[in-house]
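The data block below is start.cif; it holds mmCIF, C-alpha atoms.
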```cif
data_start
#
loop_
_atom_site.label_atom_id
_atom_site.label_comp_id
_atom_site.auth_asym_id
_atom_site.auth_seq_id
_atom_site.Cartn_x
_atom_site.Cartn_y
_atom_site.Cartn_z
CA MET A 28 26.73 9.30 4.76
CA ASP A 29 23.57 9.87 6.76
CA LEU A 30 20.09 8.55 6.47
CA CYS A 31 18.53 11.81 5.35
CA SER A 32 21.36 12.33 2.84
CA THR A 33 24.54 14.29 2.30
CA THR A 34 25.57 17.45 0.56
CA GLY A 35 28.12 15.69 -1.55
CA ARG A 36 31.08 17.61 -0.26
CA GLY A 37 34.18 15.67 0.64
CA LEU A 38 37.85 15.81 1.52
CA SER A 39 40.19 17.26 -1.04
CA ILE A 40 43.69 18.18 0.17
CA SER A 41 44.57 20.75 -2.41
CA SER A 42 45.58 24.36 -2.54
CA ALA A 43 41.93 25.32 -2.70
CA SER A 44 40.99 23.41 0.41
CA THR A 45 44.05 24.35 2.44
CA SER A 46 43.67 28.02 1.69
CA ARG A 47 40.55 28.27 3.81
CA GLN A 48 42.16 27.41 7.11
CA GLY A 49 45.71 26.55 6.25
CA PHE A 50 47.15 23.03 6.14
CA PRO A 51 48.71 23.26 9.63
CA ALA A 52 45.30 24.17 11.05
CA PHE A 53 43.80 21.09 9.45
CA LEU A 54 46.53 18.87 10.85
CA SER A 55 45.96 20.32 14.30
CA ARG A 56 42.49 18.74 14.39
CA GLY A 57 43.80 15.64 16.07
CA GLY A 58 45.89 14.47 13.11
CA ARG A 59 42.91 13.33 11.10
CA VAL A 60 44.82 13.07 7.84
CA ALA A 61 46.67 10.16 9.39
CA CYS A 62 43.34 8.61 10.33
CA VAL A 63 42.34 8.14 6.72
CA SER A 64 44.70 5.25 6.07
CA ALA A 65 44.75 3.79 9.57
CA PRO A 66 42.79 0.66 10.49
CA ARG A 67 39.20 1.30 11.59
CA ALA A 68 39.76 0.67 15.30
CA ALA A 69 42.87 2.80 15.35
CA ARG A 70 41.04 5.65 13.63
CA ARG A 71 38.29 5.59 16.23
CA GLN A 72 40.89 5.63 19.04
CA LEU A 73 42.64 8.56 17.41
CA PHE A 74 39.34 10.42 17.07
CA VAL A 75 38.39 9.87 20.71
CA ALA A 76 41.88 10.83 21.84
CA SER A 77 41.85 13.97 19.71
CA SER A 78 38.43 14.93 21.06
CA ALA A 79 39.67 14.52 24.62
CA ALA A 80 42.81 16.44 23.85
CA SER A 81 40.77 19.34 22.56
CA VAL A 82 39.24 19.93 26.01
CA PRO A 83 41.34 22.27 28.15
CA ALA A 84 42.87 20.69 31.23
CA PRO A 85 41.41 21.77 34.58
CA GLY A 86 43.10 24.85 35.87
CA SER A 87 44.70 25.62 32.53
CA GLY A 88 43.00 29.01 32.46
CA ASP A 89 42.01 28.64 28.81
CA GLY A 90 38.94 30.82 29.26
CA SER A 91 39.19 32.22 25.74
CA SER A 92 38.99 28.71 24.28
CA LEU A 93 35.85 27.95 26.28
CA ALA A 94 34.33 31.26 25.21
CA GLN A 95 35.12 30.49 21.57
CA LYS A 96 33.46 27.09 21.84
CA VAL A 97 30.35 28.61 23.37
CA ALA A 98 30.24 31.27 20.66
CA SER A 99 30.71 28.71 17.87
CA PHE A 100 28.14 26.25 19.25
CA PRO A 101 25.12 27.64 17.31
CA SER A 102 26.98 27.24 14.02
CA ALA A 103 28.18 23.74 14.93
CA PHE A 104 24.70 22.71 16.06
CA TRP A 105 23.18 24.00 12.83
CA LYS A 106 25.63 21.91 10.79
CA PHE A 107 24.93 18.96 13.09
CA LEU A 108 21.22 19.17 12.12
CA ARG A 109 22.09 18.98 8.36
CA PRO A 110 20.22 22.05 7.03
CA HIS A 111 19.23 20.56 3.68
CA THR A 112 17.27 17.80 5.44
CA ILE A 113 15.62 20.39 7.69
CA ARG A 114 14.43 22.32 4.65
CA GLY A 115 12.93 19.13 3.24
CA THR A 116 11.15 18.33 6.50
CA ILE A 117 9.75 21.85 6.92
CA LEU A 118 8.61 22.13 3.32
CA GLY A 119 7.10 18.64 3.27
CA THR A 120 5.23 19.12 6.54
CA THR A 121 3.93 22.54 5.53
CA ALA A 122 2.82 21.37 2.09
CA VAL A 123 0.97 18.27 3.32
CA THR A 124 -0.73 20.25 6.09
CA ALA A 125 -1.72 23.02 3.68
CA LYS A 126 -3.19 20.46 1.27
CA ALA A 127 -5.28 18.90 4.03
CA LEU A 128 -6.58 22.33 5.01
CA LEU A 129 -7.36 23.38 1.44
CA GLU A 130 -9.31 20.16 0.96
CA ASN A 131 -11.44 21.01 4.01
CA PRO A 132 -11.56 24.81 4.33
CA GLN A 133 -14.70 24.69 6.46
CA CYS A 134 -12.76 22.87 9.19
CA ILE A 135 -9.93 25.40 9.51
CA ASP A 136 -9.48 26.56 13.09
CA TRP A 137 -6.61 28.93 13.76
CA ALA A 138 -6.62 27.84 17.39
CA LEU A 139 -4.94 24.66 16.14
CA LEU A 140 -1.89 26.57 14.88
CA PRO A 141 0.17 26.11 18.10
CA ARG A 142 -0.47 22.37 17.93
CA ALA A 143 0.65 22.30 14.31
CA LEU A 144 3.85 24.12 15.22
CA LEU A 145 4.47 21.59 17.99
CA GLY A 146 4.14 18.84 15.41
CA LEU A 147 6.75 20.55 13.24
CA VAL A 148 9.08 20.88 16.23
CA ALA A 149 8.68 17.16 16.92
CA LEU A 150 9.52 16.28 13.32
CA LEU A 151 12.60 18.50 13.38
CA CYS A 152 13.69 16.83 16.61
CA GLY A 153 13.30 13.41 15.00
CA ASN A 154 15.20 14.60 11.96
CA GLY A 155 17.98 15.94 14.17
CA TYR A 156 18.22 12.70 16.13
CA ILE A 157 18.51 10.56 13.00
CA VAL A 158 21.18 12.65 11.28
CA GLY A 159 22.99 13.18 14.59
CA ILE A 160 23.23 9.52 15.55
CA ASN A 161 24.52 8.85 12.08
CA GLN A 162 27.35 11.36 12.52
CA ILE A 163 28.37 9.76 15.81
CA TYR A 164 28.72 6.30 14.29
CA ASP A 165 29.99 7.51 10.91
CA VAL A 166 32.88 9.56 12.25
CA ASP A 167 35.47 7.31 10.55
CA ILE A 168 33.75 7.75 7.21
CA ASP A 169 33.01 11.46 7.64
CA VAL A 170 36.67 12.20 8.36
CA VAL A 171 37.26 11.17 4.74
CA ASN A 172 34.02 12.14 3.00
CA LYS A 173 32.69 15.08 5.01
CA PRO A 174 35.33 16.52 7.35
CA PHE A 175 33.29 19.73 7.62
CA LEU A 176 30.67 18.00 9.79
CA PRO A 177 30.98 19.09 13.44
CA VAL A 178 31.60 15.67 15.01
CA ALA A 179 34.22 14.68 12.44
CA SER A 180 35.94 18.08 12.69
CA GLY A 181 35.92 18.14 16.49
CA GLU A 182 33.62 21.15 16.78
CA LEU A 183 31.28 18.93 18.80
CA SER A 184 32.67 16.29 21.12
CA PRO A 185 31.17 12.77 21.01
CA ALA A 186 29.72 13.29 24.51
CA LEU A 187 28.01 16.53 23.50
CA ALA A 188 26.74 14.95 20.28
CA TRP A 189 25.23 12.10 22.32
CA GLY A 190 23.61 14.58 24.68
CA LEU A 191 22.07 16.48 21.77
CA CYS A 192 20.75 13.30 20.15
CA LEU A 193 19.15 11.98 23.32
CA THR A 194 17.63 15.39 24.09
CA LEU A 195 16.20 15.68 20.58
CA ALA A 196 14.71 12.18 20.69
CA ALA A 197 13.22 12.62 24.16
CA THR A 198 11.76 16.02 23.26
CA GLY A 199 10.22 14.74 20.06
CA VAL A 200 8.62 11.68 21.64
CA SER A 201 7.27 13.77 24.55
CA VAL A 202 5.72 16.35 22.23
CA VAL A 203 4.07 13.74 20.02
CA ALA A 204 2.83 11.56 22.88
CA SER A 205 1.23 14.51 24.66
CA ASN A 206 -0.43 16.04 21.59
CA PHE A 207 -1.11 13.54 18.82
CA GLY A 208 -2.37 10.24 20.21
CA SER A 209 -1.14 6.67 20.18
CA VAL A 210 -1.18 6.01 16.42
CA ILE A 211 0.97 8.99 15.51
CA THR A 212 3.24 8.33 18.50
CA SER A 213 3.75 4.76 17.29
CA LEU A 214 4.60 5.97 13.78
CA TYR A 215 7.00 8.54 15.20
CA THR A 216 8.85 6.08 17.43
CA PHE A 217 8.97 3.59 14.55
CA GLY A 218 10.69 6.26 12.45
CA LEU A 219 13.25 6.83 15.23
CA PHE A 220 13.77 3.07 15.46
CA LEU A 221 14.46 2.84 11.73
CA GLY A 222 16.89 5.75 11.97
CA THR A 223 18.67 3.99 14.84
CA ILE A 224 19.11 0.58 13.22
CA TYR A 225 20.26 2.35 10.06
CA SER A 226 23.35 3.70 11.83
CA VAL A 227 23.90 1.84 15.10
CA PRO A 228 25.64 -1.55 15.48
CA PRO A 229 25.10 -4.45 15.58
CA LEU A 230 22.53 -4.11 12.79
CA ARG A 231 23.89 -0.91 11.17
CA LEU A 232 21.78 -1.54 8.08
CA LYS A 233 23.35 1.32 6.18
CA GLN A 234 26.20 -1.04 5.30
CA TYR A 235 23.78 -3.05 3.15
CA ALA A 236 22.57 -1.29 0.04
CA VAL A 237 18.99 -2.58 -0.20
CA PRO A 238 17.96 -2.23 3.49
CA ALA A 239 19.57 1.23 3.56
CA PHE A 240 17.53 2.65 0.69
CA LEU A 241 14.36 0.94 1.93
CA ILE A 242 14.71 2.67 5.30
CA ILE A 243 15.28 6.07 3.73
CA ALA A 244 12.35 5.62 1.35
CA THR A 245 10.08 4.53 4.21
CA VAL A 246 10.98 7.39 6.56
CA ARG A 247 11.22 10.22 4.05
CA GLY A 248 8.53 8.93 1.69
CA PHE A 249 5.74 7.09 3.49
CA LEU A 250 5.97 7.93 7.20
CA LEU A 251 6.28 11.70 6.81
CA ASN A 252 3.45 12.12 4.31
CA PHE A 253 1.04 9.62 5.85
CA GLY A 254 1.82 10.70 9.41
CA VAL A 255 1.43 14.44 8.82
CA TYR A 256 -1.73 14.06 6.75
CA SER A 257 -3.28 11.67 9.27
CA ALA A 258 -2.43 13.96 12.20
CA THR A 259 -3.84 17.00 10.40
CA ARG A 260 -7.14 15.32 9.59
CA ALA A 261 -7.41 14.05 13.18
CA ALA A 262 -6.83 17.56 14.49
CA LEU A 263 -9.62 18.81 12.21
CA GLY A 264 -11.94 16.14 13.59
CA LEU A 265 -12.00 14.16 10.35
CA PRO A 266 -11.44 10.41 9.84
CA PHE A 267 -8.45 9.41 7.75
CA GLU A 268 -8.95 8.83 4.06
CA TRP A 269 -6.57 9.03 1.15
CA SER A 270 -7.07 11.93 -1.22
CA PRO A 271 -5.78 11.72 -4.82
CA ALA A 272 -3.12 14.37 -4.22
CA ILE A 273 -1.82 12.79 -0.99
CA SER A 274 -1.81 9.32 -2.54
CA PHE A 275 0.18 10.76 -5.45
CA ILE A 276 2.71 12.64 -3.34
CA THR A 277 3.28 9.65 -1.06
CA VAL A 278 4.11 7.36 -3.97
CA PHE A 279 6.04 10.05 -5.85
CA VAL A 280 8.17 11.05 -2.87
CA THR A 281 8.81 7.43 -1.88
CA VAL A 282 10.31 6.84 -5.31
CA PHE A 283 12.12 10.17 -5.05
CA ALA A 284 13.50 9.20 -1.64
CA THR A 285 14.83 6.00 -3.20
CA VAL A 286 16.65 8.14 -5.76
CA ILE A 287 18.08 10.28 -2.97
CA ALA A 288 19.11 7.15 -1.07
CA ILE A 289 21.19 5.78 -3.92
CA THR A 290 22.60 9.08 -5.23
CA LYS A 291 23.71 10.39 -1.85
CA ASP A 292 26.48 7.80 -1.80
CA LEU A 293 27.95 8.81 -5.14
CA PRO A 294 30.44 11.39 -3.79
CA ASP A 295 31.31 9.11 -0.83
CA VAL A 296 32.74 6.07 -2.61
CA GLU A 297 36.26 6.57 -1.26
CA GLY A 298 35.27 6.66 2.40
CA ASP A 299 32.68 3.89 2.02
CA GLN A 300 35.21 1.54 0.44
CA ALA A 301 37.76 2.30 3.15
CA ASN A 302 35.20 1.40 5.84
CA ASN A 303 33.70 -1.66 4.12
CA ILE A 304 30.35 0.03 3.54
CA THR A 305 28.50 -1.58 0.64
CA THR A 306 26.46 0.82 -1.46
CA PHE A 307 25.15 0.71 -4.98
CA ALA A 308 27.89 3.16 -5.92
CA THR A 309 30.71 0.96 -4.57
CA ARG A 310 29.26 -2.13 -6.27
CA MET A 311 28.07 -0.77 -9.61
CA GLY A 312 30.18 2.33 -10.14
CA VAL A 313 29.29 6.01 -9.99
CA ARG A 314 28.21 6.40 -13.62
CA ASN A 315 25.93 3.36 -13.63
CA VAL A 316 24.22 4.32 -10.38
CA ALA A 317 23.78 7.92 -11.51
CA LEU A 318 22.10 6.75 -14.72
CA LEU A 319 19.90 4.34 -12.77
CA ALA A 320 18.76 7.13 -10.44
CA ILE A 321 18.13 9.49 -13.36
CA GLY A 322 16.04 6.83 -15.07
CA LEU A 323 13.93 6.27 -11.95
CA LEU A 324 13.37 9.96 -11.40
CA PHE A 325 12.53 10.67 -15.05
CA ALA A 326 10.02 7.80 -14.99
CA ASN A 327 8.54 9.42 -11.90
CA TYR A 328 7.98 12.64 -13.84
CA VAL A 329 6.54 10.82 -16.85
CA GLY A 330 4.18 8.96 -14.53
CA ALA A 331 3.04 12.24 -12.94
CA VAL A 332 2.22 13.72 -16.35
CA GLY A 333 0.38 10.58 -17.38
CA LEU A 334 -1.58 10.47 -14.12
CA ALA A 335 -2.69 14.07 -14.52
CA LEU A 336 -3.92 13.44 -18.06
CA SER A 337 -5.65 10.17 -17.11
CA TYR A 338 -7.44 11.49 -14.03
CA SER A 339 -8.24 15.04 -15.00
CA ALA A 340 -11.11 15.29 -12.52
CA ALA A 341 -8.79 14.62 -9.57
CA PHE A 342 -5.94 17.02 -10.36
CA ASN A 343 -5.14 20.49 -11.61
CA VAL A 344 -4.12 19.16 -15.01
CA PRO A 345 -2.34 22.22 -16.49
CA LEU A 346 -0.20 22.64 -13.39
CA MET A 347 0.47 18.99 -12.63
CA ALA A 348 1.25 17.96 -16.19
CA GLY A 349 3.02 21.18 -17.15
CA ALA A 350 5.16 21.53 -14.03
CA HIS A 351 6.31 17.91 -14.08
CA ALA A 352 7.14 18.16 -17.76
CA VAL A 353 9.30 21.20 -17.02
CA LEU A 354 10.97 19.52 -14.04
CA GLY A 355 11.67 16.46 -16.17
CA CYS A 356 13.38 18.69 -18.75
CA VAL A 357 15.46 20.30 -15.97
CA LEU A 358 16.54 16.81 -14.90
CA LEU A 359 17.63 15.99 -18.45
CA LEU A 360 19.62 19.23 -18.71
CA ARG A 361 21.40 18.48 -15.41
CA THR A 362 22.07 14.96 -16.66
CA LEU A 363 23.68 16.33 -19.82
CA LYS A 364 25.88 18.59 -17.69
CA LEU A 365 26.88 15.66 -15.49
CA HIS A 366 27.73 13.52 -18.52
CA THR A 367 29.74 16.32 -20.12
CA ALA A 368 31.76 16.61 -16.89
CA ASN A 369 32.48 12.86 -17.09
CA TYR A 370 30.92 12.10 -13.70
CA THR A 371 33.70 13.69 -11.67
CA ARG A 372 33.24 13.96 -7.92
CA GLU A 373 32.55 17.69 -8.14
CA ALA A 374 30.00 17.19 -10.91
CA VAL A 375 28.28 14.38 -9.01
CA ALA A 376 28.11 16.53 -5.86
CA SER A 377 26.54 19.39 -7.83
CA PHE A 378 24.06 17.01 -9.44
CA TYR A 379 23.08 15.62 -6.04
CA ARG A 380 22.38 19.11 -4.72
CA TRP A 381 20.11 19.66 -7.72
CA ILE A 382 18.24 16.47 -6.87
CA TRP A 383 17.31 18.09 -3.56
CA ASN A 384 16.17 21.24 -5.36
CA LEU A 385 13.81 19.10 -7.45
CA PHE A 386 12.61 17.45 -4.24
CA TYR A 387 11.79 20.84 -2.71
CA ALA A 388 9.98 21.87 -5.89
CA GLU A 389 7.66 18.86 -5.65
CA TYR A 390 6.41 19.85 -2.23
CA ALA A 391 6.07 23.47 -3.33
CA LEU A 392 3.64 22.26 -6.01
CA LEU A 393 1.59 19.94 -3.77
CA PRO A 394 -0.96 22.39 -2.30
CA PHE A 395 -1.99 23.46 -5.81
CA LEU A 396 -2.21 20.07 -7.54
#
```
Take the structure in the file and write it out as structure tokens.
Amino acid sequence: MDLCSTTGRGLSISSASTSRQGFPAFLSRGGRVACVSAPRAARRQLFVASSAASVPAPGSGDGSSLAQKVASFPSAFWKFLRPHTIRGTILGTTAVTAKALLENPQCIDWALLPRALLGLVALLCGNGYIVGINQIYDVDIDVVNKPFLPVASGELSPALAWGLCLTLAATGVSVVASNFGSVITSLYTFGLFLGTIYSVPPLRLKQYAVPAFLIIATVRGFLLNFGVYSATRAALGLPFEWSPAISFITVFVTVFATVIAITKDLPDVEGDQANNITTFATRMGVRNVALLAIGLLFANYVGAVGLALSYSAAFNVPLMAGAHAVLGCVLLLRTLKLHTANYTREAVASFYRWIWNLFYAEYALLPFL
């Protein structure tokens, strides 16, 4: 369970899951099936021991193993970065920047493109740090809920994962500090701080339902939209001011991020309960939390339609009202499918992936609202 969300896939020891690699191959990953029912401290010791055991002993001559690890690193690193969160970051950054430029076409200067790309790199580094640090400290939970993640599966050792996280954080801060000024640097480091206290003891706020969703909503909703828009206007030589579209998307996505924050835990109830992680799903039940999230998101769409009709001079009314009406109907259809499937883990995971598709669609609309 990471700050920027999950894909909803989990552990299922069945003929379908064992056919991919074979049950013996799964057991060979440091005996992680045994870890599921072991006490927390023992599981962590087993994980560290298995990670150490996976490294060839000096002089063993296991050159092929080293070559395989080098060859598989790009794939493991890509999974480590959580691709669905990368897509959200890229699409959000691009959409907010495009909207700022379309609002001020006379200020467009293509010489600023390299700087814009550096800003995107910095955001991806921050995204990678946050989801990476979460995997390091969530290894006990991910062994149960998401054994395909590279730290939980042993594809990346804890030491290498730490090295990647620190490199990503240092790179991101350096890029922002050298290109975007003190205000944006402060916002960026504040986002990294929130991502850290979300996952890292002693605070580890992810174990408390309300602080956890507030952090996700702040980082994914407010900081990204405000920070990117502010940096873009500064680069264009313009003072910051809220535009109707940016005000709308900031509020809309903050609510949407809250929905993501509470629905991402739905497929992870088993692992969260085993590790004493309190989420809305463990306290209220999967069905109740799913319906709560659906209600919030549908209200978000109704509000968008109402806002477009009420402030017709500020928005592209046919697109804003029409598109959000359609997206609201898609949400209702996916809800009906989830209810028909009786809120099984597979159905909940599929529904959660669709939540992200709706999230992407919102940013795709932004430049044209």
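Reported to one decimal place, the separation of CA of Ile157 in chain A from CA of Arg310 in chain A is 25.5 Å.
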I want to know what sits within 8 Å of range 315-330 of chain A, based on all atoms listed in the file, with residues of the same chain fewer than 4 positions away left out; could you give that as an NGL selection string? :A and (279 or 282-283 or 286 or 289-290 or 293 or 307-308 or 311 or 334 or 351-352 or 354-355 or 358 or 362)
Take the selection from the previous step and output its residues with C-alpha atoms, as a PDB file, keeping the file's coordinate frame.
```pdb
ATOM      1  CA  PHE A 279       6.040  10.050  -5.850  1.00  0.00           C
ATOM      2  CA  VAL A 282      10.310   6.840  -5.310  1.00  0.00           C
ATOM      3  CA  PHE A 283      12.120  10.170  -5.050  1.00  0.00           C
ATOM      4  CA  VAL A 286      16.650   8.140  -5.760  1.00  0.00           C
ATOM      5  CA  ILE A 289      21.190   5.780  -3.920  1.00  0.00           C
ATOM      6  CA  THR A 290      22.600   9.080  -5.230  1.00  0.00           C
ATOM      7  CA  LEU A 293      27.950   8.810  -5.140  1.00  0.00           C
ATOM      8  CA  PHE A 307      25.150   0.710  -4.980  1.00  0.00           C
ATOM      9  CA  ALA A 308      27.890   3.160  -5.920  1.00  0.00           C
ATOM     10  CA  MET A 311      28.070  -0.770  -9.610  1.00  0.00           C
ATOM     11  CA  LEU A 334      -1.580  10.470 -14.120  1.00  0.00           C
ATOM     12  CA  HIS A 351       6.310  17.910 -14.080  1.00  0.00           C
ATOM     13  CA  ALA A 352       7.140  18.160 -17.760  1.00  0.00           C
ATOM     14  CA  LEU A 354      10.970  19.520 -14.040  1.00  0.00           C
ATOM     15  CA  GLY A 355      11.670  16.460 -16.170  1.00  0.00           C
ATOM     16  CA  LEU A 358      16.540  16.810 -14.900  1.00  0.00           C
ATOM     17  CA  THR A 362      22.070  14.960 -16.660  1.00  0.00           C
TER      18      THR A 362
END
```
Skipping near chain neighbours, those fewer than 6 positions away, what residues fall within 9 Å of range 245-257 of chain A using all atoms listed in the file, listed as a PDB file with C-alpha atoms, keeping the file's coordinate frame?
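Dumped to around.pdb:
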```pdb
ATOM      1  CA  CYS A  31      18.530  11.810   5.350  1.00  0.00           C
ATOM      2  CA  THR A 116      11.150  18.330   6.500  1.00  0.00           C
ATOM      3  CA  GLY A 119       7.100  18.640   3.270  1.00  0.00           C
ATOM      4  CA  THR A 120       5.230  19.120   6.540  1.00  0.00           C
ATOM      5  CA  VAL A 123       0.970  18.270   3.320  1.00  0.00           C
ATOM      6  CA  THR A 124      -0.730  20.250   6.090  1.00  0.00           C
ATOM      7  CA  LYS A 126      -3.190  20.460   1.270  1.00  0.00           C
ATOM      8  CA  ALA A 127      -5.280  18.900   4.030  1.00  0.00           C
ATOM      9  CA  GLY A 146       4.140  18.840  15.410  1.00  0.00           C
ATOM     10  CA  LEU A 150       9.520  16.280  13.320  1.00  0.00           C
ATOM     11  CA  VAL A 210      -1.180   6.010  16.420  1.00  0.00           C
ATOM     12  CA  ILE A 211       0.970   8.990  15.510  1.00  0.00           C
ATOM     13  CA  LEU A 214       4.600   5.970  13.780  1.00  0.00           C
ATOM     14  CA  TYR A 215       7.000   8.540  15.200  1.00  0.00           C
ATOM     15  CA  GLY A 218      10.690   6.260  12.450  1.00  0.00           C
ATOM     16  CA  LEU A 219      13.250   6.830  15.230  1.00  0.00           C
ATOM     17  CA  LEU A 221      14.460   2.840  11.730  1.00  0.00           C
ATOM     18  CA  GLY A 222      16.890   5.750  11.970  1.00  0.00           C
ATOM     19  CA  PRO A 266     -11.440  10.410   9.840  1.00  0.00           C
ATOM     20  CA  PHE A 267      -8.450   9.410   7.750  1.00  0.00           C
ATOM     21  CA  GLU A 268      -8.950   8.830   4.060  1.00  0.00           C
ATOM     22  CA  TRP A 269      -6.570   9.030   1.150  1.00  0.00           C
ATOM     23  CA  ILE A 273      -1.820  12.790  -0.990  1.00  0.00           C
ATOM     24  CA  SER A 274      -1.810   9.320  -2.540  1.00  0.00           C
ATOM     25  CA  ILE A 276       2.710  12.640  -3.340  1.00  0.00           C
ATOM     26  CA  THR A 277       3.280   9.650  -1.060  1.00  0.00           C
ATOM     27  CA  VAL A 278       4.110   7.360  -3.970  1.00  0.00           C
ATOM     28  CA  PHE A 279       6.040  10.050  -5.850  1.00  0.00           C
ATOM     29  CA  VAL A 280       8.170  11.050  -2.870  1.00  0.00           C
ATOM     30  CA  THR A 281       8.810   7.430  -1.880  1.00  0.00           C
ATOM     31  CA  VAL A 282      10.310   6.840  -5.310  1.00  0.00           C
ATOM     32  CA  PHE A 283      12.120  10.170  -5.050  1.00  0.00           C
ATOM     33  CA  ALA A 284      13.500   9.200  -1.640  1.00  0.00           C
ATOM     34  CA  THR A 285      14.830   6.000  -3.200  1.00  0.00           C
TER      35      THR A 285
END
```
Name the residues in contact with Tyr225 in chain A at a cut-off of 8 Å, using all atoms listed in the file, excluding same-chain residues fewer than 6 positions from it; report them as an mmCIF file with C-alpha atoms, keeping the file's coordinate frame.
```cif
data_model
loop_
_atom_site.group_PDB
_atom_site.id
_atom_site.type_symbol
_atom_site.label_atom_id
_atom_site.label_comp_id
_atom_site.auth_asym_id
_atom_site.auth_seq_id
_atom_site.Cartn_x
_atom_site.Cartn_y
_atom_site.Cartn_z
ATOM 1 C CA LEU A 30 20.090 8.550 6.470
ATOM 2 C CA ARG A 231 23.890 -0.910 11.170
ATOM 3 C CA LEU A 232 21.780 -1.540 8.080
ATOM 4 C CA LYS A 233 23.350 1.320 6.180
ATOM 5 C CA ALA A 239 19.570 1.230 3.560
ATOM 6 C CA ILE A 242 14.710 2.670 5.300
#
```
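Take the candidates A:Val237, A:Val200, A:Ala340, A:Leu108 and check each one against Ser213 in chain A using only C-alpha atoms; the shortest distance goes to A:Val200.
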Considering only C-alpha atoms, return as a list in words whatever protein or nucleic-acid residues lie within 12 Å of Tyr370 in chain A, sequence-local ones (same chain, fewer than 2 positions apart) excluded. Leu293, Pro294, Gly312, Val313, Arg314, Asn315, Val316, Ala317, Leu318, Arg361, Thr362, Leu363, Lys364, Leu365, His366, Thr367, Ala368, Arg372, Glu373, Ala374, Val375, Ala376, Ser377, Phe378 and Tyr379 of chain A
On this structure, the PyMOL selection byres ((chain A and resi 130) around 12) would catch which residues? List them as a ChimeraX atom specification, sorted by chain and number. /A:123-129,131-135,256,259-260,263,265,268-273,341,393-396
CA of Val203 in chain A to CA of Ala149 in chain A, distance in Å rounded to a single decimal: 6.5 Å
Coordinates-based distance that separates CA of Pro177 in chain A from CA of Trp105 in chain A (Å, one decimal): 9.2 Å
